[in-house]
Structure formats: C-alpha cells, structure tokens
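Shown here: data24.cif, mmCIF, C-alpha atoms and all ligand atoms.
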data_upload
loop_
_atom_site.label_atom_id
_atom_site.label_comp_id
_atom_site.auth_asym_id
_atom_site.auth_seq_id
_atom_site.Cartn_x
_atom_site.Cartn_y
_atom_site.Cartn_z
CA MET Z 4 105.00 69.79 116.90
CA THR Z 5 101.50 70.68 115.75
CA ALA Z 6 100.43 74.27 115.24
CA SER Z 7 98.17 73.92 118.29
CA GLY Z 8 101.17 72.64 120.25
CA PHE Z 9 103.19 75.72 119.31
CA LEU Z 10 100.27 77.98 120.29
CA GLU Z 11 99.90 76.15 123.58
CA GLU Z 12 103.52 77.00 124.44
CA ILE Z 13 102.79 80.73 124.34
CA ALA Z 14 99.26 80.64 125.76
CA ASP Z 15 100.22 82.51 128.93
CA VAL Z 16 102.39 85.23 127.39
CA GLY Z 17 100.78 88.66 127.66
CA ARG Z 18 97.45 87.22 128.81
CA ASP Z 19 95.19 89.24 131.09
CA PRO Z 20 94.27 86.78 133.86
CA GLN Z 21 91.00 88.63 134.58
CA ARG Z 22 89.60 89.25 131.13
CA GLY Z 23 91.47 86.58 129.22
CA GLY Z 24 92.60 88.72 126.28
CA TYR Z 25 96.16 89.28 125.10
CA SER Z 26 98.12 92.52 125.04
CA ARG Z 27 101.37 91.98 123.20
CA HIS Z 28 102.65 95.18 121.71
CA ALA Z 29 105.60 95.78 119.42
CA PHE Z 30 108.86 95.37 121.35
CA ASP Z 31 107.19 95.36 124.78
CA ALA Z 32 108.04 92.64 127.31
CA PRO Z 33 105.44 90.04 126.22
CA GLU Z 34 106.12 90.54 122.52
CA TYR Z 35 109.84 90.39 123.19
CA ASP Z 36 109.32 87.05 124.96
CA LEU Z 37 107.40 85.79 121.92
CA ARG Z 38 110.20 86.91 119.62
CA GLU Z 39 112.70 84.97 121.71
CA TRP Z 40 110.38 81.96 121.71
CA PHE Z 41 110.12 82.15 117.91
CA VAL Z 42 113.88 82.39 117.45
CA ASP Z 43 114.37 79.43 119.77
CA ARG Z 44 111.81 77.25 117.98
CA ALA Z 45 113.13 78.21 114.54
CA LEU Z 46 116.71 77.36 115.58
CA GLY Z 47 115.32 74.08 116.92
CA LEU Z 48 114.10 73.28 113.40
CA GLY Z 49 117.58 74.00 112.06
CA LEU Z 50 116.55 77.29 110.42
CA ASP Z 51 118.94 80.24 110.06
CA VAL Z 52 117.52 83.22 111.93
CA GLU Z 53 118.15 86.91 111.34
CA THR Z 54 116.43 90.16 112.29
CA ASP Z 55 116.18 92.55 109.38
CA ARG Z 56 116.91 96.28 109.50
CA ASN Z 57 113.25 97.01 110.32
CA GLY Z 58 112.83 94.61 113.22
CA ASN Z 59 111.16 91.78 111.29
CA ILE Z 60 112.53 88.30 112.07
CA TRP Z 61 113.35 85.87 109.25
CA ALA Z 62 113.99 82.14 109.67
CA TRP Z 63 115.43 80.49 106.57
CA TRP Z 64 115.24 76.86 105.55
CA GLY Z 65 117.94 76.67 102.95
CA PRO Z 66 120.35 79.48 102.06
CA PRO Z 67 118.61 82.84 101.67
CA GLY Z 68 118.22 83.59 97.99
CA ARG Z 69 115.94 84.72 95.20
CA ASN Z 70 112.58 83.13 94.44
CA ALA Z 71 112.09 82.25 98.08
CA VAL Z 72 108.74 81.01 99.30
CA VAL Z 73 107.98 83.13 102.36
CA THR Z 74 105.25 82.60 104.91
CA GLY Z 75 104.51 84.05 108.33
CA SER Z 76 102.51 86.66 110.16
CA HIS Z 77 102.93 88.66 113.39
CA LEU Z 78 103.14 88.13 117.14
CA ASP Z 79 101.88 91.49 118.37
CA SER Z 80 98.22 91.97 119.24
CA VAL Z 81 95.65 94.69 119.68
CA PRO Z 82 94.96 95.63 123.34
CA GLY Z 83 92.94 92.76 124.80
CA GLY Z 84 93.06 90.73 121.59
CA GLY Z 85 92.66 87.04 120.83
CA ALA Z 86 95.18 84.22 120.88
CA PHE Z 87 95.09 83.54 117.13
CA ASP Z 88 95.34 86.84 115.21
CA GLY Z 89 98.98 86.71 114.14
CA PRO Z 90 100.37 83.82 116.22
CA LEU Z 91 98.25 81.29 114.30
CA GLY Z 92 100.12 82.16 111.10
CA VAL Z 93 103.50 81.92 112.83
CA ALA Z 94 102.69 78.65 114.64
CA SER Z 95 101.27 77.14 111.44
CA ALA Z 96 104.38 78.15 109.51
CA LEU Z 97 106.64 76.43 112.07
CA ALA Z 98 104.42 73.33 112.05
CA ALA Z 99 104.32 73.22 108.24
CA VAL Z 100 108.11 73.45 107.97
CA GLU Z 101 108.50 70.71 110.56
CA ALA Z 102 106.00 68.48 108.73
CA LEU Z 103 107.85 68.96 105.43
CA GLN Z 104 111.18 68.22 107.10
CA GLU Z 105 109.76 65.04 108.64
CA LYS Z 106 108.53 63.76 105.30
CA GLY Z 107 111.97 64.37 103.81
CA PHE Z 108 110.87 67.12 101.42
CA ARG Z 109 113.79 68.62 99.53
CA ALA Z 110 112.94 72.16 98.49
CA ARG Z 111 114.35 73.59 95.26
CA ARG Z 112 113.74 77.13 96.46
CA PRO Z 113 114.50 78.65 99.85
CA ILE Z 114 111.63 78.71 102.31
CA ALA Z 115 111.45 81.40 104.99
CA VAL Z 116 109.21 82.05 107.97
CA VAL Z 117 108.85 85.71 108.82
CA VAL Z 118 107.52 87.52 111.90
CA PHE Z 119 106.55 91.09 111.06
CA ALA Z 120 106.94 93.92 113.58
CA GLU Z 121 104.02 96.07 114.79
CA GLU Z 122 101.33 94.61 112.52
CA GLU Z 123 98.45 95.93 114.58
CA GLY Z 124 99.75 99.43 115.13
CA GLY Z 125 98.65 98.80 118.70
CA ARG Z 126 101.62 100.61 120.17
CA PHE Z 127 102.83 103.13 117.58
CA GLY Z 128 99.60 103.77 115.67
CA VAL Z 129 100.53 102.73 112.13
CA PRO Z 130 99.55 99.13 111.27
CA CYS Z 131 101.87 96.83 109.33
CA LEU Z 132 104.83 99.04 110.21
CA GLY Z 133 107.43 96.29 109.64
CA SER Z 134 106.12 95.40 106.19
CA ARG Z 135 105.58 99.05 105.25
CA LEU Z 136 109.20 99.82 106.12
CA LEU Z 137 110.46 96.76 104.24
CA THR Z 138 108.55 97.76 101.11
CA GLY Z 139 109.30 101.47 101.40
CA THR Z 140 105.64 102.41 101.80
CA ILE Z 141 106.34 104.56 104.85
CA ASP Z 142 108.99 107.23 105.21
CA PRO Z 143 111.57 105.84 107.67
CA ASP Z 144 111.78 109.25 109.40
CA LYS Z 145 108.06 109.16 110.06
CA ALA Z 146 108.30 105.56 111.35
CA ARG Z 147 111.25 106.34 113.63
CA GLY Z 148 109.38 109.28 115.14
CA LEU Z 149 106.07 107.48 115.89
CA ARG Z 150 105.35 107.60 119.62
CA ASP Z 151 103.53 105.24 121.94
CA ALA Z 152 101.17 106.43 124.69
CA ASP Z 153 104.16 107.03 127.01
CA GLY Z 154 106.03 109.08 124.45
CA VAL Z 155 108.57 106.36 123.59
CA THR Z 156 109.46 106.47 119.88
CA PHE Z 157 109.47 103.46 117.57
CA ALA Z 158 113.18 104.12 117.06
CA GLU Z 159 113.87 103.95 120.81
CA ALA Z 160 111.79 100.80 121.31
CA ALA Z 161 113.36 99.05 118.32
CA LYS Z 162 116.84 100.02 119.50
CA LYS Z 163 116.21 98.37 122.84
CA ALA Z 164 115.32 95.21 120.90
CA GLY Z 165 118.66 95.36 119.05
CA VAL Z 166 117.57 97.10 115.83
CA ASP Z 167 119.68 100.03 114.61
CA PRO Z 168 117.13 102.79 113.87
CA ALA Z 169 119.55 104.53 111.50
CA ARG Z 170 119.30 101.56 109.12
CA MET Z 171 115.48 101.43 109.05
CA GLY Z 172 113.86 101.78 105.65
CA PRO Z 173 113.25 100.11 102.30
CA ASP Z 174 115.03 96.77 101.99
CA GLU Z 175 115.06 96.09 98.26
CA GLU Z 176 117.62 93.32 98.44
CA ARG Z 177 115.40 91.37 100.82
CA LEU Z 178 112.23 92.14 98.91
CA ASP Z 179 113.95 90.88 95.76
CA LYS Z 180 114.39 87.50 97.37
CA ILE Z 181 110.66 86.95 97.91
CA GLY Z 182 109.26 84.85 95.08
CA ARG Z 183 105.84 84.29 96.73
CA PHE Z 184 104.41 85.39 100.07
CA LEU Z 185 101.64 83.43 101.76
CA GLU Z 186 100.13 84.41 105.13
CA LEU Z 187 97.86 82.10 107.08
CA HIS Z 188 95.45 83.90 109.43
CA VAL Z 189 92.46 83.18 111.60
CA GLU Z 190 89.32 84.40 109.87
CA GLN Z 191 88.00 87.59 111.46
CA GLY Z 192 84.38 87.24 110.40
CA ARG Z 193 81.73 84.64 109.71
CA GLY Z 194 82.58 83.68 106.13
CA LEU Z 195 83.78 80.15 106.85
CA ILE Z 196 81.03 79.50 109.40
CA ASP Z 197 78.46 80.30 106.73
CA LEU Z 198 80.26 78.18 104.14
CA GLY Z 199 80.72 75.26 106.54
CA ALA Z 200 84.40 74.96 105.58
CA PRO Z 201 87.58 74.96 107.70
CA VAL Z 202 89.91 76.80 105.31
CA ALA Z 203 89.62 79.47 102.60
CA VAL Z 204 91.90 81.30 100.20
CA GLY Z 205 91.95 85.11 100.53
CA SER Z 206 90.64 87.12 97.59
CA THR Z 207 90.61 90.84 98.49
CA VAL Z 208 91.32 93.30 101.30
CA ILE Z 209 89.27 96.48 101.64
CA ALA Z 210 90.96 99.91 101.57
CA HIS Z 211 91.54 101.17 105.09
CA GLY Z 212 93.12 103.97 107.02
CA ARG Z 213 93.49 105.69 110.37
CA TRP Z 214 93.02 109.33 111.24
CA ARG Z 215 93.68 111.17 114.49
CA PHE Z 216 91.27 113.93 115.53
CA SER Z 217 92.78 116.24 118.17
CA PHE Z 218 90.30 118.58 119.82
CA SER Z 219 91.58 121.29 122.13
CA GLY Z 220 89.60 123.55 124.44
CA GLN Z 221 89.99 125.05 127.90
CA GLY Z 222 90.76 122.74 130.80
CA ASN Z 223 88.84 123.96 133.82
CA HIS Z 224 86.97 123.17 137.06
CA ALA Z 225 83.87 120.96 136.71
CA GLY Z 226 82.03 122.71 139.49
CA ALA Z 227 83.13 126.31 139.18
CA THR Z 228 82.71 126.73 135.39
CA LEU Z 229 79.21 127.58 134.18
CA LEU Z 230 78.06 125.68 131.10
CA GLY Z 231 78.01 128.81 128.99
CA ASP Z 232 81.62 129.58 129.86
CA ARG Z 233 83.09 126.30 128.69
CA ALA Z 234 85.16 125.17 125.73
CA ASP Z 235 84.91 121.46 126.45
CA PRO Z 236 86.59 119.31 123.78
CA MET Z 237 84.61 116.28 124.95
CA LEU Z 238 81.51 117.72 123.26
CA PRO Z 239 82.82 117.87 119.68
CA ALA Z 240 84.53 114.51 120.29
CA ALA Z 241 81.20 112.95 121.27
CA ALA Z 242 79.47 114.57 118.29
CA THR Z 243 82.19 113.12 116.06
CA VAL Z 244 81.64 109.60 117.38
CA THR Z 245 77.96 109.75 116.45
CA ALA Z 246 78.71 111.47 113.12
CA VAL Z 247 81.05 108.60 112.23
CA ARG Z 248 78.22 106.09 112.54
CA ARG Z 249 75.62 108.31 110.85
CA LEU Z 250 77.80 109.26 107.85
CA ALA Z 251 79.28 105.77 107.36
CA ALA Z 252 75.77 104.31 107.34
CA GLY Z 253 75.14 106.29 104.15
CA VAL Z 254 78.08 104.74 102.28
CA PRO Z 255 77.56 101.22 100.89
CA ASP Z 256 79.71 98.61 102.62
CA ALA Z 257 81.60 101.21 104.68
CA ARG Z 258 83.02 100.40 108.10
CA ALA Z 259 84.05 103.23 110.43
CA THR Z 260 85.02 102.97 114.05
CA VAL Z 261 86.16 105.08 116.97
CA GLY Z 262 87.75 102.53 119.27
CA ARG Z 263 90.03 104.84 121.16
CA LEU Z 264 89.37 108.23 122.73
CA VAL Z 265 91.76 109.89 125.18
CA PRO Z 266 90.80 112.94 127.23
CA THR Z 267 93.67 114.81 128.87
CA PRO Z 268 94.18 115.07 131.77
CA GLY Z 269 91.25 112.68 132.30
CA GLY Z 270 89.72 113.56 135.68
CA THR Z 271 86.07 113.17 136.71
CA ASN Z 272 85.91 116.72 138.06
CA VAL Z 273 88.09 118.22 135.32
CA ILE Z 274 86.88 119.66 132.03
CA ALA Z 275 89.38 118.15 129.59
CA SER Z 276 91.85 120.46 127.91
CA THR Z 277 92.27 118.11 124.93
CA VAL Z 278 90.59 115.02 123.56
CA ASP Z 279 92.24 112.83 120.96
CA LEU Z 280 90.19 110.25 119.12
CA TRP Z 281 91.23 107.82 116.45
CA LEU Z 282 89.07 106.98 113.45
CA ASP Z 283 89.49 103.66 111.63
CA ALA Z 284 87.69 103.96 108.28
CA ARG Z 285 87.37 101.32 105.56
CA VAL Z 286 85.39 101.65 102.34
CA PRO Z 287 85.85 99.35 99.33
CA GLY Z 288 87.24 101.22 96.32
CA GLU Z 289 88.05 104.94 96.47
CA GLY Z 290 85.44 105.98 99.02
CA THR Z 291 87.44 106.17 102.26
CA PRO Z 292 88.98 109.66 101.91
CA GLY Z 293 85.59 111.12 100.90
CA LEU Z 294 83.89 109.63 103.95
CA VAL Z 295 86.67 110.95 106.19
CA ALA Z 296 86.30 114.42 104.64
CA GLU Z 297 82.58 114.42 105.54
CA ILE Z 298 83.35 113.27 109.07
CA SER Z 299 86.04 115.98 109.39
CA GLN Z 300 83.51 118.65 108.33
CA ALA Z 301 81.05 117.49 110.97
CA ALA Z 302 83.84 117.41 113.58
CA SER Z 303 84.98 120.95 112.64
CA ALA Z 304 81.45 122.32 112.92
CA ALA Z 305 81.01 120.71 116.33
CA ALA Z 306 84.39 122.07 117.49
CA ARG Z 307 83.50 125.59 116.34
CA GLU Z 308 80.17 125.47 118.13
CA GLU Z 309 81.94 124.72 121.44
CA GLY Z 310 84.75 127.21 120.87
CA CYS Z 311 87.33 124.43 120.47
CA GLN Z 312 90.08 123.82 117.92
CA LEU Z 313 90.47 120.71 115.78
CA GLN Z 314 93.44 119.19 114.02
CA VAL Z 315 92.98 116.11 111.82
CA THR Z 316 96.04 114.00 110.93
CA ARG Z 317 96.10 111.01 108.59
CA GLU Z 318 98.21 108.30 110.23
CA SER Z 319 97.96 105.60 107.56
CA TYR Z 320 96.09 104.62 104.43
CA SER Z 321 96.19 101.63 102.07
CA GLY Z 322 94.03 101.08 99.00
CA ASP Z 323 92.05 97.98 97.99
CA VAL Z 324 94.12 94.85 97.40
CA VAL Z 325 93.36 91.88 95.16
CA PHE Z 326 95.63 88.96 95.95
CA ASP Z 327 97.68 87.45 93.11
CA ASP Z 328 95.38 85.73 90.59
CA ALA Z 329 97.74 82.94 89.62
CA LEU Z 330 98.58 82.14 93.24
CA ARG Z 331 94.91 82.13 94.25
CA HIS Z 332 93.99 79.78 91.45
CA ALA Z 333 96.93 77.50 92.15
CA LEU Z 334 96.04 77.38 95.86
CA GLY Z 335 92.43 76.55 94.99
CA GLY Z 336 93.64 73.62 92.89
CA TRP Z 337 96.22 72.25 95.33
CA LEU Z 338 93.78 72.49 98.24
CA GLY Z 339 90.91 70.78 96.43
CA GLY Z 340 88.74 73.73 95.57
CA VAL Z 341 88.54 75.49 98.94
CA PRO Z 342 86.38 78.64 98.85
CA GLU Z 343 87.68 82.18 98.39
CA LEU Z 344 86.85 84.92 100.88
CA PRO Z 345 87.26 88.70 100.92
CA THR Z 346 88.13 90.47 104.16
CA GLY Z 347 87.79 93.86 105.78
CA ALA Z 348 90.84 93.21 107.99
CA GLY Z 349 94.30 94.46 107.10
CA HIS Z 350 97.36 92.22 106.82
CA ASP Z 351 101.07 92.35 106.03
CA ALA Z 352 100.25 90.14 103.02
CA ALA Z 353 98.18 93.02 101.65
CA ILE Z 354 101.15 95.41 101.97
CA LEU Z 355 103.46 92.90 100.28
CA ALA Z 356 100.89 92.29 97.53
CA GLY Z 357 101.87 95.62 95.99
CA PHE Z 358 105.40 94.28 95.40
CA VAL Z 359 105.41 90.47 95.13
CA PRO Z 360 102.81 87.79 94.31
CA ALA Z 361 101.06 87.36 97.66
CA GLY Z 362 98.15 85.39 98.99
CA MET Z 363 96.40 84.34 102.17
CA LEU Z 364 94.77 81.33 103.78
CA TYR Z 365 92.05 81.76 106.42
CA VAL Z 366 91.12 79.31 109.15
CA ARG Z 367 87.54 79.15 110.41
CA ASN Z 368 86.77 81.10 113.59
CA PRO Z 369 83.67 79.53 115.17
CA THR Z 370 82.75 82.68 117.09
CA GLY Z 371 83.09 84.98 114.08
CA ILE Z 372 84.61 87.46 116.57
CA SER Z 373 88.14 88.86 116.43
CA HIS Z 374 90.25 91.55 118.15
CA SER Z 375 88.60 90.17 121.28
CA PRO Z 376 89.26 87.37 123.76
CA GLU Z 377 86.40 85.45 122.08
CA GLU Z 378 88.41 84.92 118.89
CA PHE Z 379 88.86 81.17 118.47
CA ALA Z 380 89.81 78.27 116.21
CA GLU Z 381 89.13 74.58 116.86
CA ALA Z 382 92.22 72.36 117.03
CA ALA Z 383 91.01 70.30 114.04
CA ASP Z 384 90.66 73.46 111.93
CA VAL Z 385 94.07 74.70 113.07
CA GLU Z 386 95.57 71.43 111.85
CA ALA Z 387 93.63 71.64 108.57
CA GLY Z 388 95.08 75.11 108.09
CA ALA Z 389 98.65 74.04 108.88
CA GLN Z 390 98.30 71.11 106.49
CA ALA Z 391 96.97 73.39 103.77
CA LEU Z 392 99.95 75.69 104.35
CA ALA Z 393 102.38 72.74 104.19
CA THR Z 394 100.82 71.59 100.91
CA ALA Z 395 101.10 75.09 99.48
CA LEU Z 396 104.74 75.51 100.57
CA GLU Z 397 105.62 72.13 99.10
CA GLN Z 398 104.02 72.97 95.78
CA LEU Z 399 105.56 76.43 95.65
CA ALA Z 400 109.08 75.36 96.63
CA ARG Z 401 109.38 72.10 94.69
C1 LIG A 1 94.39 94.57 111.73
O1 LIG A 1 94.11 93.49 112.15
C2 LIG A 1 93.36 95.39 111.19
O2 LIG A 1 92.77 95.03 110.18
O3 LIG A 1 93.08 96.41 111.80
MN MN A 2 94.52 92.07 113.97
MN MN A 3 96.60 89.80 112.13
MN MN A 4 95.67 92.66 110.82
#
Would you write the structure of this file as structure tokens?
Amino acid sequence: MTASGFLEEIADVGRDPQRGGYSRHAFDAPEYDLREWFVDRALGLGLDVETDRNGNIWAWWGPPGRNAVVTGSHLDSVPGGGAFDGPLGVASALAAVEALQEKGFRARRPIAVVVFAEEEGGRFGVPCLGSRLLTGTIDPDKARGLRDADGVTFAEAAKKAGVDPARMGPDEERLDKIGRFLELHVEQGRGLIDLGAPVAVGSTVIAHGRWRFSFSGQGNHAGATLLGDRADPMLPAAATVTAVRRLAAGVPDARATVGRLVPTPGGTNVIASTVDLWLDARVPGEGTPGLVAEISQAASAAAREEGCQLQVTRESYSGDVVFDDALRHALGGWLGGVPELPTGAGHDAAILAGFVPAGMLYVRNPTGISHSPEEFAEAADVEAGAQALATALEQLAR
C-alpha cells in the first residue's frame, strides 16, 4: 500500500467532525486504536512486533539485533492537530518496507519501524516521553508520576495499555541495537514551499522547553468583591502572556508561546483561585533559560502587585541538536542533492541524536501550517517522501 493509502485508513480516528482536527493523546481511545492498527499492518507485512518497557512499539523486519536501521515517528497528536504530524512518518515507514519487500530487497542489517509514545506531550506535558525514557533522559519516577488534566498518571495510563510501569526507564540493550535512526516528518513551516522542493534532509533542531507558571490568589464572588479587595490570579497570568511576547521579541530568533491557560474553577462569575499557564520557549543556542528567567521575573512582579503567589516549574528542556553529519551527507547524495532544512519543531529523532547517529526527512507542507487542521501534504509529495525513505533504508541496510 502507498503511504497515502495507509493514512487514508486512519483518517477518521480521533477526528473532530466539526473542526476537522485530530485529538489523539497518549494511550487514550483514539491513540489506542491507532496502535492496534499499526500492529495489525506491521504483522500483515510479516514484521515481528513488540512493545518495549516504555510503551513504544517496535516492528522488526529481520531478527532484532545490533546495527539496526530504525525508522518511525509517533501516532499521538496535539489537541486539534493535523493528520500528518507523526502518522506521516509511520505510514511512510510501512510503505517503504512494503516497497522494499516487493522489489525483493534482502537487507544485511535488521530494519525496524518504531512508534514512539507521547511525542507531543499533549496528555502528560513532557514531549518525546517515550524516547526520553528509552534514552534515560528523564527520570522514570518523574515520568510515572506525570498527570493528565483528569489526574490520571502516565503510569496508570500505560498500565491500562499493557505496559508494566515498574519496568519503565532507560533501555540500553535496545538503544545498543540502533545503528541509525531516521524519522520522516511533514514539514512544519514554509521551507520547502520557498525552495520549491518536495523533500528535504533535516539539519538542526532548536533548543526548546516547557515551563508551568502556577498563580494562586483568592477565589471569590465576581459581584460582591470590590476591585481593591481582590487577589485575582488572572491578572498576573494576563501580564505574563504579554510579557512573553515582549521579552521574546528582544531575543534574536526566539519563539515563545502560551498556548494553554487554565483558570480554576473557571466560572464567569467567579474570581479564579488559581491560574496555571504553560510557556513553550525556544531559542537557538543557550538563550532559552535566560529568556525564561526574564519572563519569570516579570510574572513574579505582576503576581506581587496583585497579592498573588507564583510557582514556576520546568517540565522539560532539550538543547540544540545537529543531526549526524555523515548521515546527512549520505542522504543528500542518495537522494540526488535534496536541500537541508533546520526546524524549530521538536522530534524523537532529536532526542535519539544524543545517543545514536540520527537524521530526518521532511515532506513539503503546502500550507506551511502545522499543529492545526490546516496541516497538509499533497499525495505526490507523500509518495516522494516514502520513496526517499525507501531509498535511504535500502542504502543503510544493504
Ligand atoms: C512537537 O511537535 C513540538 O515541537 O512541540
Ligand atoms: Mn507535533
Ligand atoms: Mn511530530
Ligand atoms: Mn514534534
């Protein structure tokens, strides 16, 4: 089947019929359906399927062993996300394996397709949780204790999906087997539109992190409480949102976003008792923590002025990544000199890059929009990407 054909099979899973976007969150019902779909399709290709101790699924072509060529991506999404971010890499991996099988390719190294758990951090807050656990870049106790909006822990959710939380953590034996890791992904900006090309090789990923700002004040009656008597955490939260934009604008190439803000209890005629907001900050090089420190100072001052308290917690951080030089150059050669592109988006490949030679392929997104229902890829570009991936796997595993 083509990569578009695989995507077509899952086009309805987790889709919002009104707005069109996808909400598929780690181990929830839609993502669970996608996991089952993946296992079924991988078995259909004769692959050996296993779920690792961290909830990532591996489908092996050839006996699992060292020097494996591993490709894949994720099936979870952001809330209201697009159809391609994640699933395109998984569908393309399945299509590439099938194409190689059909042409009678005999690999000298094992090939594996992997589906990583909780790449977006859309449910438990920390992105790339499956690959961070695998590589030991997050404390398993911290991962187990992460809670979703309903208070369900990652450990509880993973257990329901058949993963033993007690075994979560670094998986050196598995990591040792990965000779090369290559993730195909829809492009999340306009790079390929501007270049007029369908496919690119990834060069770098910008440092990025997430911080939670918890403001607390005095919940009270909206009508009976005079303005001067309030400690309304919504005020410092609002000041923080504008400070994020103002302070980030002063840092070259910085991106900083507040995409989620939760007042509790959240009533129109209720002064909130707490407001939590989440900051996503990304600055190339070493600049992210400094920018967040400035934002935290502004948030503290605003909290003090309103008589509120503030607690700032770092939820995740990863530094700049440059993908493996040799792999990038080899990909450029095999694929006939396709362009290289940097990205401000995070990926499991960037986590793995700290441990094994890793690289990425991007497929043109004609809207230039991502983490939105408008994210798109033309069928011809999807096929160009899957073919590029097949060529790369063939060269790497021969
Ligand atoms: C994930 O897609 C991210 O970069 O936030
Ligand atoms: Mn994403
Ligand atoms: Mn992604
Ligand atoms: Mn991502």
Test item: residues at most 7 Å from Ala400 (chain Z), all atoms listed in the file, excluding those fewer than 5 positions along its chain, as a PDB file with C-alpha atoms, keeping the file's coordinate frame:
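Saved as result.pdb:
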ATOM      1  CA  VAL Z  72     108.740  81.010  99.300  1.00  0.00           C
ATOM      2  CA  ALA Z 110     112.940  72.160  98.490  1.00  0.00           C
ATOM      3  CA  ARG Z 111     114.350  73.590  95.260  1.00  0.00           C
ATOM      4  CA  ARG Z 112     113.740  77.130  96.460  1.00  0.00           C
TER       5      ARG Z 112
END
Can you pull out every residue with an atom within 7 Å of ligand MN 3 (chain A)? Use all atoms listed in the file and format it as number ranges by chain. Z: 76-77, 88-89, 122-123, 188, 350
Within 12 Å of ligand MN 2 (chain A) (all atoms listed in the file), residues as an NGL selection string: :Z and (25-28 or 76-92 or 121-125 or 130-131 or 188-192 or 346-351 or 372-375 or 378)
Go through region 170-277 of chain Z and flag each residue having an atom no more than 7 Å from region 295-311 of chain Z; for those, report the closest pair of atoms plus their distance in Å to one decimal, using only C-alpha atoms, ordered by chain and rising number, as a Markdown table.
| residue | atom | partner | partner_atom | distance |
| --- | --- | --- | --- | --- |
| Z:Phe218 | CA | Z:Cys311 | CA | 6.6 |
| Z:Ser219 | CA | Z:Cys311 | CA | 5.5 |
| Z:Gly220 | CA | Z:Cys311 | CA | 4.7 |
| Z:Ala234 | CA | Z:Gly310 | CA | 5.3 |
| Z:Asp235 | CA | Z:Glu309 | CA | 6.7 |
| Z:Pro236 | CA | Z:Cys311 | CA | 6.1 |
| Z:Pro239 | CA | Z:Ala305 | CA | 4.8 |
| Z:Ala242 | CA | Z:Ala305 | CA | 6.6 |
| Z:Thr243 | CA | Z:Ala302 | CA | 5.2 |
| Z:Ala246 | CA | Z:Ile298 | CA | 6.4 |
| Z:Val247 | CA | Z:Ile298 | CA | 6.1 |
| Z:Leu250 | CA | Z:Ile298 | CA | 7.0 |
Mind writing the picked residues with C-alpha atoms as a CSV table (one decimal), keeping the file's coordinate frame?
chain,number,residue,atom,x,y,z
Z,218,PHE,CA,90.3,118.6,119.8
Z,219,SER,CA,91.6,121.3,122.1
Z,220,GLY,CA,89.6,123.6,124.4
Z,234,ALA,CA,85.2,125.2,125.7
Z,235,ASP,CA,84.9,121.5,126.4
Z,236,PRO,CA,86.6,119.3,123.8
Z,239,PRO,CA,82.8,117.9,119.7
Z,242,ALA,CA,79.5,114.6,118.3
Z,243,THR,CA,82.2,113.1,116.1
Z,246,ALA,CA,78.7,111.5,113.1
Z,247,VAL,CA,81.0,108.6,112.2
Z,250,LEU,CA,77.8,109.3,107.8
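Among the candidate residues Z:Leu97, Z:Ala32, Z:Val325, Z:Ile141, the one lying nearest to Met171 (chain Z) is Z:Ile141, with distances computed using only C-alpha atoms.
If you look at CA of Pro143 (chain Z) and CA of Val93 (chain Z), they are 25.8 Å away from each other.
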Find the residues near Ser206 (chain Z): any atom within 12 Å, counting only C-alpha atoms, skip ones fewer than 2 places away on the same chain, and give them as an mmCIF file with C-alpha atoms, in the coordinates of the input.
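Writing done, so here's around26.cif:
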data_model
loop_
_atom_site.group_PDB
_atom_site.id
_atom_site.type_symbol
_atom_site.label_atom_id
_atom_site.label_comp_id
_atom_site.auth_asym_id
_atom_site.auth_seq_id
_atom_site.Cartn_x
_atom_site.Cartn_y
_atom_site.Cartn_z
ATOM 1 C CA ALA Z 203 89.620 79.470 102.600
ATOM 2 C CA VAL Z 204 91.900 81.300 100.200
ATOM 3 C CA VAL Z 208 91.320 93.300 101.300
ATOM 4 C CA ILE Z 209 89.270 96.480 101.640
ATOM 5 C CA ASP Z 323 92.050 97.980 97.990
ATOM 6 C CA VAL Z 324 94.120 94.850 97.400
ATOM 7 C CA VAL Z 325 93.360 91.880 95.160
ATOM 8 C CA PHE Z 326 95.630 88.960 95.950
ATOM 9 C CA ASP Z 327 97.680 87.450 93.110
ATOM 10 C CA ASP Z 328 95.380 85.730 90.590
ATOM 11 C CA ALA Z 329 97.740 82.940 89.620
ATOM 12 C CA LEU Z 330 98.580 82.140 93.240
ATOM 13 C CA ARG Z 331 94.910 82.130 94.250
ATOM 14 C CA HIS Z 332 93.990 79.780 91.450
ATOM 15 C CA LEU Z 334 96.040 77.380 95.860
ATOM 16 C CA GLY Z 335 92.430 76.550 94.990
ATOM 17 C CA VAL Z 341 88.540 75.490 98.940
ATOM 18 C CA PRO Z 342 86.380 78.640 98.850
ATOM 19 C CA GLU Z 343 87.680 82.180 98.390
ATOM 20 C CA LEU Z 344 86.850 84.920 100.880
ATOM 21 C CA PRO Z 345 87.260 88.700 100.920
ATOM 22 C CA THR Z 346 88.130 90.470 104.160
ATOM 23 C CA GLY Z 347 87.790 93.860 105.780
ATOM 24 C CA ALA Z 352 100.250 90.140 103.020
ATOM 25 C CA ALA Z 353 98.180 93.020 101.650
ATOM 26 C CA ALA Z 356 100.890 92.290 97.530
ATOM 27 C CA ALA Z 361 101.060 87.360 97.660
ATOM 28 C CA GLY Z 362 98.150 85.390 98.990
ATOM 29 C CA MET Z 363 96.400 84.340 102.170
ATOM 30 C CA LEU Z 364 94.770 81.330 103.780
ATOM 31 C CA TYR Z 365 92.050 81.760 106.420
#
